[in-house]
>>> print(open('query_33.pdb').read())   # PDB, C-alpha atoms
MODEL        1
ATOM      1  CA  MET H1198     -24.566  38.741 -90.720  1.00  0.00           C
ATOM      2  CA  ALA H1199     -27.457  36.333 -91.202  1.00  0.00           C
ATOM      3  CA  LEU H1200     -25.133  33.831 -92.898  1.00  0.00           C
ATOM      4  CA  ARG H1201     -22.621  34.101 -90.070  1.00  0.00           C
ATOM      5  CA  ALA H1202     -25.343  33.548 -87.499  1.00  0.00           C
ATOM      6  CA  ARG H1203     -26.631  30.554 -89.411  1.00  0.00           C
ATOM      7  CA  ILE H1204     -23.159  29.009 -89.676  1.00  0.00           C
ATOM      8  CA  GLY H1205     -22.628  29.677 -85.977  1.00  0.00           C
ATOM      9  CA  GLU H1206     -25.838  27.811 -85.135  1.00  0.00           C
ATOM     10  CA  VAL H1207     -24.758  24.871 -87.292  1.00  0.00           C
ATOM     11  CA  VAL H1208     -21.271  24.498 -85.799  1.00  0.00           C
ATOM     12  CA  GLU H1209     -22.671  24.814 -82.275  1.00  0.00           C
ATOM     13  CA  SER H1210     -25.474  22.321 -82.871  1.00  0.00           C
ATOM     14  CA  THR H1211     -25.418  18.968 -81.090  1.00  0.00           C
ATOM     15  CA  ARG H1212     -25.564  16.966 -84.323  1.00  0.00           C
ATOM     16  CA  PHE H1213     -22.578  18.778 -85.805  1.00  0.00           C
ATOM     17  CA  GLN H1214     -20.511  18.287 -82.673  1.00  0.00           C
ATOM     18  CA  TRP H1215     -21.359  14.582 -82.574  1.00  0.00           C
ATOM     19  CA  MET H1216     -20.246  14.325 -86.205  1.00  0.00           C
ATOM     20  CA  ILE H1217     -16.896  15.912 -85.328  1.00  0.00           C
ATOM     21  CA  ILE H1218     -16.524  13.536 -82.368  1.00  0.00           C
ATOM     22  CA  CYS H1219     -17.101  10.565 -84.703  1.00  0.00           C
ATOM     23  CA  VAL H1220     -14.479  11.912 -87.121  1.00  0.00           C
ATOM     24  CA  ILE H1221     -12.000  12.325 -84.254  1.00  0.00           C
ATOM     25  CA  VAL H1222     -12.571   8.751 -83.057  1.00  0.00           C
ATOM     26  CA  VAL H1223     -12.259   7.278 -86.564  1.00  0.00           C
ATOM     27  CA  ASN H1224      -9.123   9.322 -87.247  1.00  0.00           C
ATOM     28  CA  ALA H1225      -7.556   8.240 -83.946  1.00  0.00           C
ATOM     29  CA  ALA H1226      -8.317   4.590 -84.739  1.00  0.00           C
ATOM     30  CA  ALA H1227      -6.752   4.973 -88.206  1.00  0.00           C
ATOM     31  CA  LEU H1228      -3.615   6.582 -86.771  1.00  0.00           C
ATOM     32  CA  GLY H1229      -3.329   3.729 -84.292  1.00  0.00           C
ATOM     33  CA  ALA H1230      -3.721   1.196 -87.099  1.00  0.00           C
ATOM     34  CA  GLU H1231      -0.827   2.844 -88.956  1.00  0.00           C
ATOM     35  CA  THR H1232       1.530   1.626 -86.237  1.00  0.00           C
ATOM     36  CA  SER H1233       0.980  -1.966 -87.401  1.00  0.00           C
ATOM     37  CA  PRO H1234       3.131  -2.865 -90.436  1.00  0.00           C
ATOM     38  CA  SER H1235       0.774  -5.681 -91.457  1.00  0.00           C
ATOM     39  CA  VAL H1236      -2.259  -3.388 -91.439  1.00  0.00           C
ATOM     40  CA  VAL H1237      -0.388  -0.707 -93.372  1.00  0.00           C
ATOM     41  CA  ALA H1238       0.662  -3.273 -95.961  1.00  0.00           C
ATOM     42  CA  LYS H1239      -2.966  -4.279 -96.546  1.00  0.00           C
ATOM     43  CA  HIS H1240      -4.869  -1.043 -96.021  1.00  0.00           C
ATOM     44  CA  GLY H1241      -2.238   1.703 -96.172  1.00  0.00           C
ATOM     45  CA  ALA H1242      -3.984   3.587 -98.971  1.00  0.00           C
ATOM     46  CA  LEU H1243      -7.316   3.548 -97.127  1.00  0.00           C
ATOM     47  CA  LEU H1244      -5.706   4.774 -93.909  1.00  0.00           C
ATOM     48  CA  GLY H1245      -4.080   7.630 -95.828  1.00  0.00           C
ATOM     49  CA  VAL H1246      -7.426   8.635 -97.327  1.00  0.00           C
ATOM     50  CA  ILE H1247      -9.072   8.592 -93.889  1.00  0.00           C
ATOM     51  CA  ASP H1248      -6.260  10.730 -92.490  1.00  0.00           C
ATOM     52  CA  HIS H1249      -6.541  13.348 -95.237  1.00  0.00           C
ATOM     53  CA  LEU H1250     -10.348  13.424 -95.092  1.00  0.00           C
ATOM     54  CA  ALA H1251     -10.307  13.857 -91.322  1.00  0.00           C
ATOM     55  CA  LEU H1252      -7.806  16.697 -91.599  1.00  0.00           C
ATOM     56  CA  ALA H1253      -9.956  18.339 -94.288  1.00  0.00           C
ATOM     57  CA  VAL H1254     -13.014  18.110 -92.008  1.00  0.00           C
ATOM     58  CA  PHE H1255     -11.085  19.633 -89.103  1.00  0.00           C
ATOM     59  CA  VAL H1256      -9.808  22.505 -91.243  1.00  0.00           C
ATOM     60  CA  ALA H1257     -13.280  23.165 -92.657  1.00  0.00           C
ATOM     61  CA  GLU H1258     -14.806  23.147 -89.189  1.00  0.00           C
ATOM     62  CA  LEU H1259     -12.147  25.519 -87.867  1.00  0.00           C
ATOM     63  CA  ALA H1260     -12.636  27.853 -90.842  1.00  0.00           C
ATOM     64  CA  ALA H1261     -16.404  27.833 -90.277  1.00  0.00           C
ATOM     65  CA  ARG H1262     -15.942  28.727 -86.621  1.00  0.00           C
ATOM     66  CA  LEU H1263     -13.542  31.528 -87.482  1.00  0.00           C
ATOM     67  CA  TYR H1264     -15.966  32.922 -90.054  1.00  0.00           C
ATOM     68  CA  ALA H1265     -18.960  32.645 -87.739  1.00  0.00           C
ATOM     69  CA  PHE H1266     -17.417  34.139 -84.604  1.00  0.00           C
ATOM     70  CA  GLY H1267     -14.620  36.330 -85.954  1.00  0.00           C
ATOM     71  CA  TRP H1268     -12.170  37.496 -83.307  1.00  0.00           C
ATOM     72  CA  ARG H1269     -14.540  36.242 -80.613  1.00  0.00           C
ATOM     73  CA  PHE H1270     -13.304  32.789 -81.587  1.00  0.00           C
ATOM     74  CA  PHE H1271     -10.031  33.400 -79.720  1.00  0.00           C
ATOM     75  CA  ARG H1272     -11.758  34.421 -76.494  1.00  0.00           C
ATOM     76  CA  ASP H1273     -12.505  30.781 -75.734  1.00  0.00           C
ATOM     77  CA  PRO H1274      -9.380  28.878 -74.573  1.00  0.00           C
ATOM     78  CA  TRP H1275     -10.800  25.651 -75.995  1.00  0.00           C
ATOM     79  CA  ASN H1276     -11.027  27.229 -79.455  1.00  0.00           C
ATOM     80  CA  ILE H1277      -7.364  28.216 -79.183  1.00  0.00           C
ATOM     81  CA  PHE H1278      -6.602  24.638 -78.144  1.00  0.00           C
ATOM     82  CA  ASP H1279      -8.341  23.321 -81.285  1.00  0.00           C
ATOM     83  CA  PHE H1280      -6.603  25.919 -83.433  1.00  0.00           C
ATOM     84  CA  VAL H1281      -3.141  24.892 -82.187  1.00  0.00           C
ATOM     85  CA  ILE H1282      -3.791  21.170 -82.710  1.00  0.00           C
ATOM     86  CA  VAL H1283      -5.085  21.645 -86.252  1.00  0.00           C
ATOM     87  CA  SER H1284      -2.220  24.021 -87.046  1.00  0.00           C
ATOM     88  CA  VAL H1285       0.314  21.405 -85.917  1.00  0.00           C
ATOM     89  CA  ALA H1286      -1.406  18.856 -88.158  1.00  0.00           C
ATOM     90  CA  LEU H1287      -0.998  21.189 -91.146  1.00  0.00           C
ATOM     91  CA  MET H1288       2.762  21.559 -90.703  1.00  0.00           C
ATOM     92  CA  PRO H1289       4.938  19.688 -93.224  1.00  0.00           C
ATOM     93  CA  ALA H1290       6.112  16.332 -91.878  1.00  0.00           C
ATOM     94  CA  ALA H1291       9.099  15.775 -94.125  1.00  0.00           C
ATOM     95  CA  GLY H1292      12.847  16.124 -93.693  1.00  0.00           C
ATOM     96  CA  PRO H1293      13.910  17.481 -90.300  1.00  0.00           C
ATOM     97  CA  LEU H1294      10.255  17.994 -89.340  1.00  0.00           C
ATOM     98  CA  SER H1295       9.356  14.339 -89.844  1.00  0.00           C
ATOM     99  CA  VAL H1296       8.908  14.013 -86.077  1.00  0.00           C
ATOM    100  CA  LEU H1297       5.774  16.145 -86.446  1.00  0.00           C
ATOM    101  CA  ARG H1298       4.120  13.242 -88.245  1.00  0.00           C
ATOM    102  CA  SER H1299       3.838  11.386 -84.956  1.00  0.00           C
ATOM    103  CA  LEU H1300       2.079  14.425 -83.467  1.00  0.00           C
ATOM    104  CA  ARG H1301      -0.956  13.800 -85.654  1.00  0.00           C
ATOM    105  CA  ILE H1302      -2.386  11.703 -82.836  1.00  0.00           C
ATOM    106  CA  LEU H1303      -2.785  14.953 -80.898  1.00  0.00           C
ATOM    107  CA  ARG H1304      -5.989  15.406 -82.893  1.00  0.00           C
ATOM    108  CA  ALA H1305      -7.528  12.838 -80.533  1.00  0.00           C
ATOM    109  CA  LEU H1306      -7.137  15.441 -77.777  1.00  0.00           C
ATOM    110  CA  ARG H1307      -9.879  17.415 -79.498  1.00  0.00           C
ATOM    111  CA  LEU H1308     -12.281  15.054 -77.717  1.00  0.00           C
ATOM    112  CA  VAL H1309     -11.422  16.999 -74.574  1.00  0.00           C
ATOM    113  CA  ALA H1310     -12.644  20.205 -76.179  1.00  0.00           C
ATOM    114  CA  MET H1311     -15.744  18.586 -77.692  1.00  0.00           C
ATOM    115  CA  VAL H1312     -17.032  16.592 -74.700  1.00  0.00           C
ATOM    116  CA  PRO H1313     -18.297  18.855 -71.856  1.00  0.00           C
ATOM    117  CA  SER H1314     -17.583  16.299 -69.108  1.00  0.00           C
ATOM    118  CA  MET H1315     -13.937  16.055 -70.214  1.00  0.00           C
ATOM    119  CA  ARG H1316     -13.690  19.840 -70.321  1.00  0.00           C
ATOM    120  CA  ARG H1317     -14.885  20.033 -66.723  1.00  0.00           C
ATOM    121  CA  VAL H1318     -12.246  17.532 -65.605  1.00  0.00           C
ATOM    122  CA  VAL H1319      -9.448  19.405 -67.386  1.00  0.00           C
ATOM    123  CA  SER H1320     -10.686  22.754 -66.053  1.00  0.00           C
ATOM    124  CA  ALA H1321     -10.660  21.317 -62.546  1.00  0.00           C
ATOM    125  CA  LEU H1322      -7.098  20.076 -63.038  1.00  0.00           C
ATOM    126  CA  VAL H1323      -6.008  23.523 -64.202  1.00  0.00           C
ATOM    127  CA  LYS H1324      -7.664  25.135 -61.172  1.00  0.00           C
ATOM    128  CA  SER H1325      -5.916  22.688 -58.855  1.00  0.00           C
ATOM    129  CA  VAL H1326      -2.437  23.445 -60.246  1.00  0.00           C
ATOM    130  CA  PRO H1327      -1.469  25.913 -57.440  1.00  0.00           C
ATOM    131  CA  GLY H1328      -2.393  23.382 -54.769  1.00  0.00           C
ATOM    132  CA  LEU H1329      -0.669  20.569 -56.645  1.00  0.00           C
ATOM    133  CA  ILE H1330       2.507  22.650 -56.924  1.00  0.00           C
ATOM    134  CA  SER H1331       2.537  23.150 -53.162  1.00  0.00           C
ATOM    135  CA  LEU H1332       1.980  19.446 -52.571  1.00  0.00           C
ATOM    136  CA  THR H1333       4.723  18.591 -55.060  1.00  0.00           C
ATOM    137  CA  GLY H1334       7.122  20.843 -53.160  1.00  0.00           C
ATOM    138  CA  LEU H1335       6.133  19.129 -49.922  1.00  0.00           C
ATOM    139  CA  LEU H1336       6.667  15.716 -51.516  1.00  0.00           C
ATOM    140  CA  MET H1337      10.108  16.758 -52.796  1.00  0.00           C
ATOM    141  CA  LEU H1338      11.025  17.938 -49.299  1.00  0.00           C
ATOM    142  CA  LEU H1339       9.856  14.644 -47.829  1.00  0.00           C
ATOM    143  CA  LEU H1340      11.794  12.755 -50.513  1.00  0.00           C
ATOM    144  CA  TYR H1341      14.967  14.701 -49.727  1.00  0.00           C
ATOM    145  CA  ILE H1342      14.660  14.171 -45.977  1.00  0.00           C
ATOM    146  CA  GLY H1343      13.983  10.485 -46.496  1.00  0.00           C
ATOM    147  CA  GLY H1344      16.941  10.256 -48.884  1.00  0.00           C
ATOM    148  CA  VAL H1345      19.352  11.737 -46.350  1.00  0.00           C
ATOM    149  CA  ILE H1346      18.074   9.428 -43.594  1.00  0.00           C
ATOM    150  CA  ALA H1347      18.193   6.352 -45.851  1.00  0.00           C
ATOM    151  CA  SER H1348      21.726   7.195 -47.012  1.00  0.00           C
ATOM    152  CA  ASN H1349      22.905   7.319 -43.414  1.00  0.00           C
ATOM    153  CA  LEU H1350      21.053   4.142 -42.463  1.00  0.00           C
ATOM    154  CA  PHE H1351      21.753   1.942 -45.471  1.00  0.00           C
ATOM    155  CA  GLY H1352      24.792   3.502 -47.151  1.00  0.00           C
ATOM    156  CA  ASP H1353      27.144   0.940 -45.561  1.00  0.00           C
ATOM    157  CA  SER H1354      25.035  -2.070 -46.581  1.00  0.00           C
ATOM    158  CA  GLY H1355      26.768  -2.378 -49.944  1.00  0.00           C
ATOM    159  CA  ASP H1356      23.480  -2.046 -51.818  1.00  0.00           C
ATOM    160  CA  PRO H1357      24.136   0.076 -54.940  1.00  0.00           C
ATOM    161  CA  ARG H1358      20.613   1.499 -54.669  1.00  0.00           C
ATOM    162  CA  PHE H1359      21.773   3.409 -51.564  1.00  0.00           C
ATOM    163  CA  ALA H1360      25.390   4.045 -52.565  1.00  0.00           C
ATOM    164  CA  ASP H1361      24.980   7.838 -52.687  1.00  0.00           C
ATOM    165  CA  LEU H1362      22.303  10.469 -52.258  1.00  0.00           C
ATOM    166  CA  GLY H1363      21.317  10.473 -55.943  1.00  0.00           C
ATOM    167  CA  SER H1364      20.836   6.705 -56.055  1.00  0.00           C
ATOM    168  CA  THR H1365      18.934   6.813 -52.774  1.00  0.00           C
ATOM    169  CA  LEU H1366      16.577   9.531 -54.005  1.00  0.00           C
ATOM    170  CA  LEU H1367      15.895   7.545 -57.176  1.00  0.00           C
ATOM    171  CA  THR H1368      15.187   4.424 -55.101  1.00  0.00           C
ATOM    172  CA  LEU H1369      12.853   6.298 -52.760  1.00  0.00           C
ATOM    173  CA  PHE H1370      11.017   7.813 -55.712  1.00  0.00           C
ATOM    174  CA  GLN H1371      10.500   4.300 -57.042  1.00  0.00           C
ATOM    175  CA  ILE H1372       9.219   3.243 -53.622  1.00  0.00           C
ATOM    176  CA  THR H1373       6.843   6.227 -53.565  1.00  0.00           C
ATOM    177  CA  THR H1374       5.181   4.904 -56.713  1.00  0.00           C
ATOM    178  CA  GLY H1375       4.723   1.539 -54.985  1.00  0.00           C
ATOM    179  CA  ASP H1376       7.014  -0.265 -57.418  1.00  0.00           C
ATOM    180  CA  GLY H1377       9.023  -3.115 -55.859  1.00  0.00           C
ATOM    181  CA  TRP H1378       9.329  -1.560 -52.410  1.00  0.00           C
ATOM    182  CA  SER H1379       8.927  -4.917 -50.663  1.00  0.00           C
ATOM    183  CA  ASP H1380      11.880  -6.382 -52.584  1.00  0.00           C
ATOM    184  CA  VAL H1381      14.091  -3.440 -51.607  1.00  0.00           C
ATOM    185  CA  MET H1382      13.004  -3.752 -47.977  1.00  0.00           C
ATOM    186  CA  ARG H1383      13.637  -7.511 -47.805  1.00  0.00           C
ATOM    187  CA  ASP H1384      17.080  -7.147 -49.398  1.00  0.00           C
ATOM    188  CA  LEU H1385      18.082  -4.622 -46.743  1.00  0.00           C
ATOM    189  CA  MET H1386      16.579  -6.643 -43.881  1.00  0.00           C
ATOM    190  CA  VAL H1387      19.241  -9.274 -44.550  1.00  0.00           C
ATOM    191  CA  TYR H1388      21.808  -6.777 -43.227  1.00  0.00           C
ATOM    192  CA  GLN H1389      19.557  -4.640 -41.009  1.00  0.00           C
ATOM    193  CA  PRO H1390      16.534  -6.533 -39.638  1.00  0.00           C
ATOM    194  CA  LEU H1391      14.866  -3.290 -38.464  1.00  0.00           C
ATOM    195  CA  ALA H1392      14.912  -1.685 -41.919  1.00  0.00           C
ATOM    196  CA  TRP H1393      11.169  -2.357 -42.237  1.00  0.00           C
ATOM    197  CA  ILE H1394      10.473   0.422 -39.730  1.00  0.00           C
ATOM    198  CA  PHE H1395      11.895   3.080 -42.048  1.00  0.00           C
ATOM    199  CA  PHE H1396      10.076   1.723 -45.085  1.00  0.00           C
ATOM    200  CA  LEU H1397       6.690   1.501 -43.387  1.00  0.00           C
ATOM    201  CA  CYS H1398       7.005   5.043 -41.993  1.00  0.00           C
ATOM    202  CA  TYR H1399       8.090   6.394 -45.384  1.00  0.00           C
ATOM    203  CA  LEU H1400       5.291   4.599 -47.224  1.00  0.00           C
ATOM    204  CA  LEU H1401       2.663   5.891 -44.801  1.00  0.00           C
ATOM    205  CA  ALA H1402       3.912   9.475 -45.091  1.00  0.00           C
ATOM    206  CA  GLY H1403       5.086   9.580 -48.698  1.00  0.00           C
ATOM    207  CA  THR H1404       2.662   7.327 -50.518  1.00  0.00           C
ATOM    208  CA  PHE H1405      -0.651   6.970 -48.745  1.00  0.00           C
ATOM    209  CA  THR H1406      -0.876  10.425 -47.151  1.00  0.00           C
ATOM    210  CA  MET H1407       0.492  12.422 -50.098  1.00  0.00           C
ATOM    211  CA  LEU H1408      -1.534  10.489 -52.660  1.00  0.00           C
ATOM    212  CA  ASN H1409      -4.727  11.139 -50.728  1.00  0.00           C
ATOM    213  CA  LEU H1410      -3.832  14.823 -50.464  1.00  0.00           C
ATOM    214  CA  PHE H1411      -3.370  15.034 -54.241  1.00  0.00           C
ATOM    215  CA  ILE H1412      -6.777  13.429 -54.756  1.00  0.00           C
ATOM    216  CA  ALA H1413      -8.351  15.774 -52.197  1.00  0.00           C
ATOM    217  CA  VAL H1414      -6.979  18.865 -53.963  1.00  0.00           C
ATOM    218  CA  VAL H1415      -8.316  17.750 -57.349  1.00  0.00           C
ATOM    219  CA  CYS H1416     -11.716  16.809 -55.896  1.00  0.00           C
ATOM    220  CA  SER H1417     -11.970  20.184 -54.153  1.00  0.00           C
ATOM    221  CA  ALA H1418     -11.289  21.921 -57.464  1.00  0.00           C
ATOM    222  CA  MET H1419     -13.968  19.842 -59.218  1.00  0.00           C
ATOM    223  CA  GLU H1420     -16.626  20.364 -56.542  1.00  0.00           C
ATOM    224  CA  PRO H1421     -17.799  23.857 -57.670  1.00  0.00           C
ATOM    225  CA  ASP H1422     -18.249  22.635 -61.264  1.00  0.00           C
ATOM    226  CA  VAL H1423     -20.239  19.619 -60.111  1.00  0.00           C
ATOM    227  CA  GLN H1424     -22.501  21.768 -57.934  1.00  0.00           C
ATOM    228  CA  GLN H1425     -23.234  24.091 -60.880  1.00  0.00           C
ATOM    229  CA  LEU H1426     -24.514  21.260 -63.082  1.00  0.00           C
ATOM    230  CA  PRO H1427     -28.271  21.561 -63.649  1.00  0.00           C
ATOM    231  CA  ALA H1428     -30.215  18.715 -62.126  1.00  0.00           C
ATOM    232  CA  PRO H1429     -32.147  16.636 -64.661  1.00  0.00           C
ATOM    233  CA  ARG H1430     -35.889  17.082 -64.447  1.00  0.00           C
ATOM    234  CA  SER H1431     -38.833  15.505 -66.172  1.00  0.00           C
ATOM    235  CA  ALA H1432     -41.093  17.444 -68.489  1.00  0.00           C
ATOM    236  CA  SER H1433     -43.779  19.195 -66.427  1.00  0.00           C
ATOM    237  CA  HIS H1434     -47.255  20.304 -67.462  1.00  0.00           C
ATOM    238  CA  ASP H1435     -45.938  23.837 -68.080  1.00  0.00           C
ATOM    239  CA  ASP H1436     -43.241  22.495 -70.420  1.00  0.00           C
ATOM    240  CA  LEU H1437     -45.797  20.562 -72.462  1.00  0.00           C
ATOM    241  CA  LEU H1438     -48.090  23.601 -72.614  1.00  0.00           C
ATOM    242  CA  LEU H1439     -45.191  25.752 -73.792  1.00  0.00           C
ATOM    243  CA  LEU H1440     -44.405  23.285 -76.565  1.00  0.00           C
ATOM    244  CA  GLU H1441     -48.025  23.340 -77.718  1.00  0.00           C
ATOM    245  CA  VAL H1442     -48.039  27.166 -77.762  1.00  0.00           C
ATOM    246  CA  ARG H1443     -44.871  27.190 -79.849  1.00  0.00           C
ATOM    247  CA  ALA H1444     -46.382  24.696 -82.284  1.00  0.00           C
ATOM    248  CA  LEU H1445     -49.523  26.830 -82.647  1.00  0.00           C
ATOM    249  CA  ARG H1446     -47.403  29.915 -83.213  1.00  0.00           C
ATOM    250  CA  ASP H1447     -45.506  28.153 -85.992  1.00  0.00           C
ATOM    251  CA  GLU H1448     -48.776  27.102 -87.631  1.00  0.00           C
ATOM    252  CA  VAL H1449     -50.123  30.666 -87.487  1.00  0.00           C
ATOM    253  CA  ARG H1450     -46.896  32.001 -89.013  1.00  0.00           C
ATOM    254  CA  ALA H1451     -47.151  29.439 -91.816  1.00  0.00           C
ATOM    255  CA  LEU H1452     -50.780  30.389 -92.525  1.00  0.00           C
ATOM    256  CA  ARG H1453     -49.845  34.068 -92.728  1.00  0.00           C
ATOM    257  CA  GLN H1454     -47.095  33.338 -95.209  1.00  0.00           C
ATOM    258  CA  ASN H1455     -49.445  31.305 -97.418  1.00  0.00           C
ATOM    259  CA  ALA H1456     -52.201  33.909 -97.304  1.00  0.00           C
TER     260      ALA H1456
ENDMDL
END
>>> encode(input="query_33.pdb", output="structure tokens")
Amino acid sequence: MALRARIGEVVESTRFQWMIICVIVVNAAALGAETSPSVVAKHGALLGVIDHLALAVFVAELAARLYAFGWRFFRDPWNIFDFVIVSVALMPAAGPLSVLRSLRILRALRLVAMVPSMRRVVSALVKSVPGLISLTGLLMLLLYIGGVIASNLFGDSGDPRFADLGSTLLTLFQITTGDGWSDVMRDLMVYQPLAWIFFLCYLLAGTFTMLNLFIAVVCSAMEPDVQQLPAPRSASHDDLLLLEVRALRDEVRALRQNA
């Protein structure tokens, strides 16, 4: 039990976690370098060594956590996340499973589990999923209504982007992202000079309003986590006194052991 506790303290220590973060960053950089044929030709062997060493470190860390915490390891969703990513990396990447080789870059996602600020952002996104689903349904409804209206308004213009409902929905989805909407509008204004009215109304409702609602939902989900963060404070006189008492206690314990 003492060994397990000691290993648990080591793997949870700040220095150990920073070491793992450095390994993740170096491994991600090496995997990115492997996409360059010229770099692979010059340093392919070194990149392979880095990849295998990083995987060995990840496996050793995961084994240490499993040994230290036992079945409690799986109570933390982030530990399960790490376990899945490392397990995928251990799968054979040959033959029909060669596609799994490209999934090695998923190890970079371990930064999310290691960095507390990233964990808070992801947790907030997960909490906001119900609200985002509702907003997505509302956006799909708006897209469908706009598609029917646009098909009736611009279907006879001869523009293939509004030839049928499917093409119109695809065009409106492109406009919702803000991609090339002015070009589409100007092309239609050649045949229908008042087409700008539809596009401005749709952009205001579908892009600006809905985008702000998505941001508002995510920010509302993040607000409780931000409020729970402890405010930084400077060391007070009581803190310094406590440190001195602890130092004296350690000295007394050392004297007793030497006596």
>>> atom_distance(input="query_33.pdb", atom1="CA of Met1337 (chain H)", atom2="CA of Leu1397 (chain H)")
18.2 Å
>>> resolve_selection(input="query_33.pdb", expression="the PyMOL selection byres ((chain H and resi 1220) around 10)", output="list of chain:residue names")
H:Gln1214, H:Trp1215, H:Met1216, H:Ile1217, H:Ile1218, H:Cys1219, H:Ile1221, H:Val1222, H:Val1223, H:Asn1224, H:Ala1225, H:Ala1226, H:Ile1247, H:Asp1248, H:Leu1250, H:Ala1251, H:Leu1252, H:Val1254, H:Phe1255, H:Ala1305
>>> closest_residue(input="query_33.pdb", among="H:Val1381, H:Ala1444, H:Leu1340, H:Leu1401", to="Gly1363 (chain H)", atoms="all atoms listed in the file")
H:Leu1340
>>> closest_residue(input="query_33.pdb", among="H:Lys1239, H:Leu1287, H:Met1382, H:Val1415", to="Leu1329 (chain H)", atoms="all atoms listed in the file")
H:Val1415
>>> atom_distance(input="query_33.pdb", atom1="CA of Leu1367 (chain H)", atom2="CA of Gly1344 (chain H)")
8.8 Å
>>> residues_around(input="query_33.pdb", residues="Arg1358 (chain H)", least_positions_apart="2", cutoff="12 Å", atoms="only C-alpha atoms", output="number ranges by chain")
H: 1344, 1347-1348, 1351-1356, 1360-1372, 1378, 1380-1382, 1384-1385
>>> closest_residue(input="query_33.pdb", among="H:Cys1416, H:Gly1334, H:Met1407, H:Leu1303", to="Ser1284 (chain H)", atoms="all atoms listed in the file")
H:Leu1303
>>> residues_around(input="query_33.pdb", residues="Leu1408 (chain H)", least_positions_apart="4", cutoff="10 Å", atoms="all atoms listed in the file", output="ChimeraX atom specification")
/H:1332,1336,1373-1374,1402-1404,1412-1413
>>> closest_residue(input="query_33.pdb", among="H:Leu1335, H:Leu1391, H:Leu1400, H:Leu1322", to="Ala1418 (chain H)", atoms="only C-alpha atoms")
H:Leu1322
>>> atom_distance(input="query_33.pdb", atom1="CA of Ala1253 (chain H)", atom2="CA of Ala1238 (chain H)")
24.1 Å
>>> residues_around(input="query_33.pdb", residues="Gly1328 (chain H)", least_positions_apart="3", cutoff="9 Å", atoms="all atoms listed in the file", output="compact mmCIF listing (two decimals) with C-alpha atoms, in the frame of the given file")
# COMPACT_ATOMS: atom_id res chain seq x y z
CA LYS H 1324 -7.66 25.14 -61.17
CA SER H 1325 -5.92 22.69 -58.86
CA SER H 1331 2.54 23.15 -53.16
CA LEU H 1332 1.98 19.45 -52.57
CA THR H 1333 4.72 18.59 -55.06
CA PHE H 1411 -3.37 15.03 -54.24
CA VAL H 1414 -6.98 18.86 -53.96
CA VAL H 1415 -8.32 17.75 -57.35
>>> residues_near_point(input="query_33.pdb", point="(-19.2, 32.1, -85.7)", cutoff="7 Å", atoms="only C-alpha atoms", output="list in words")
Arg1201, Ala1202, Ile1204, Gly1205, Ala1261, Arg1262, Leu1263, Tyr1264, Ala1265, Phe1266 and Gly1267 of chain H
>>> residues_near_point(input="query_33.pdb", point="(-9.3, 24.1, -81.3)", cutoff="12 Å", atoms="all atoms listed in the file", output="PyMOL selection string")
chain H and resi 1217+1255-1256+1258-1260+1262-1263+1270-1286+1303-1311
>>> closest_residue(input="query_33.pdb", among="H:Ser1417, H:Ser1235, H:Phe1359, H:Ala1392", to="Val1318 (chain H)", atoms="all atoms listed in the file")
H:Ser1417
>>> axis_aligned_box(input="query_33.pdb", around="region 1200-1204 of chain H", padding_each_side="4 Å", output="AutoDock Vina command-line options")
--center_x -24.6 --center_y 31.6 --center_z -90.2 --size_x 12.0 --size_y 13.1 --size_z 13.4
>>> decode(input="query_33.pdb", residues="region 1445-1455 of chain H", atoms="N, CA and C atoms", output="PDB file, in the first residue's frame")
ATOM      1  N   LEU H1445      10.478  23.830  11.337  1.00  0.00           N
ATOM      2  CA  LEU H1445      10.927  23.450  12.673  1.00  0.00           C
ATOM      3  C   LEU H1445      10.520  22.014  13.009  1.00  0.00           C
ATOM      4  N   ARG H1446       9.320  21.639  12.595  1.00  0.00           N
ATOM      5  CA  ARG H1446       8.855  20.288  12.875  1.00  0.00           C
ATOM      6  C   ARG H1446       9.733  19.266  12.160  1.00  0.00           C
ATOM      7  N   ASP H1447      10.112  19.576  10.921  1.00  0.00           N
ATOM      8  CA  ASP H1447      10.990  18.667  10.184  1.00  0.00           C
ATOM      9  C   ASP H1447      12.359  18.555  10.853  1.00  0.00           C
ATOM     10  N   GLU H1448      12.867  19.661  11.383  1.00  0.00           N
ATOM     11  CA  GLU H1448      14.165  19.629  12.048  1.00  0.00           C
ATOM     12  C   GLU H1448      14.091  18.791  13.329  1.00  0.00           C
ATOM     13  N   VAL H1449      12.994  18.949  14.083  1.00  0.00           N
ATOM     14  CA  VAL H1449      12.831  18.164  15.305  1.00  0.00           C
ATOM     15  C   VAL H1449      12.732  16.678  14.976  1.00  0.00           C
ATOM     16  N   ARG H1450      12.006  16.338  13.906  1.00  0.00           N
ATOM     17  CA  ARG H1450      11.881  14.933  13.520  1.00  0.00           C
ATOM     18  C   ARG H1450      13.239  14.372  13.115  1.00  0.00           C
ATOM     19  N   ALA H1451      14.045  15.184  12.430  1.00  0.00           N
ATOM     20  CA  ALA H1451      15.378  14.716  12.032  1.00  0.00           C
ATOM     21  C   ALA H1451      16.276  14.501  13.229  1.00  0.00           C
ATOM     22  N   LEU H1452      16.183  15.406  14.237  1.00  0.00           N
ATOM     23  CA  LEU H1452      17.002  15.250  15.446  1.00  0.00           C
ATOM     24  C   LEU H1452      16.613  13.987  16.206  1.00  0.00           C
ATOM     25  N   ARG H1453      15.329  13.688  16.251  1.00  0.00           N
ATOM     26  CA  ARG H1453      14.874  12.489  16.962  1.00  0.00           C
ATOM     27  C   ARG H1453      15.397  11.231  16.282  1.00  0.00           C
ATOM     28  N   GLN H1454      15.419  11.253  14.969  1.00  0.00           N
ATOM     29  CA  GLN H1454      15.890  10.073  14.246  1.00  0.00           C
ATOM     30  C   GLN H1454      17.399   9.864  14.438  1.00  0.00           C
ATOM     31  N   ASN H1455      18.147  10.963  14.586  1.00  0.00           N
ATOM     32  CA  ASN H1455      19.589  10.846  14.757  1.00  0.00           C
ATOM     33  C   ASN H1455      19.986  10.524  16.184  1.00  0.00           C
TER      34      ASN H1455
END
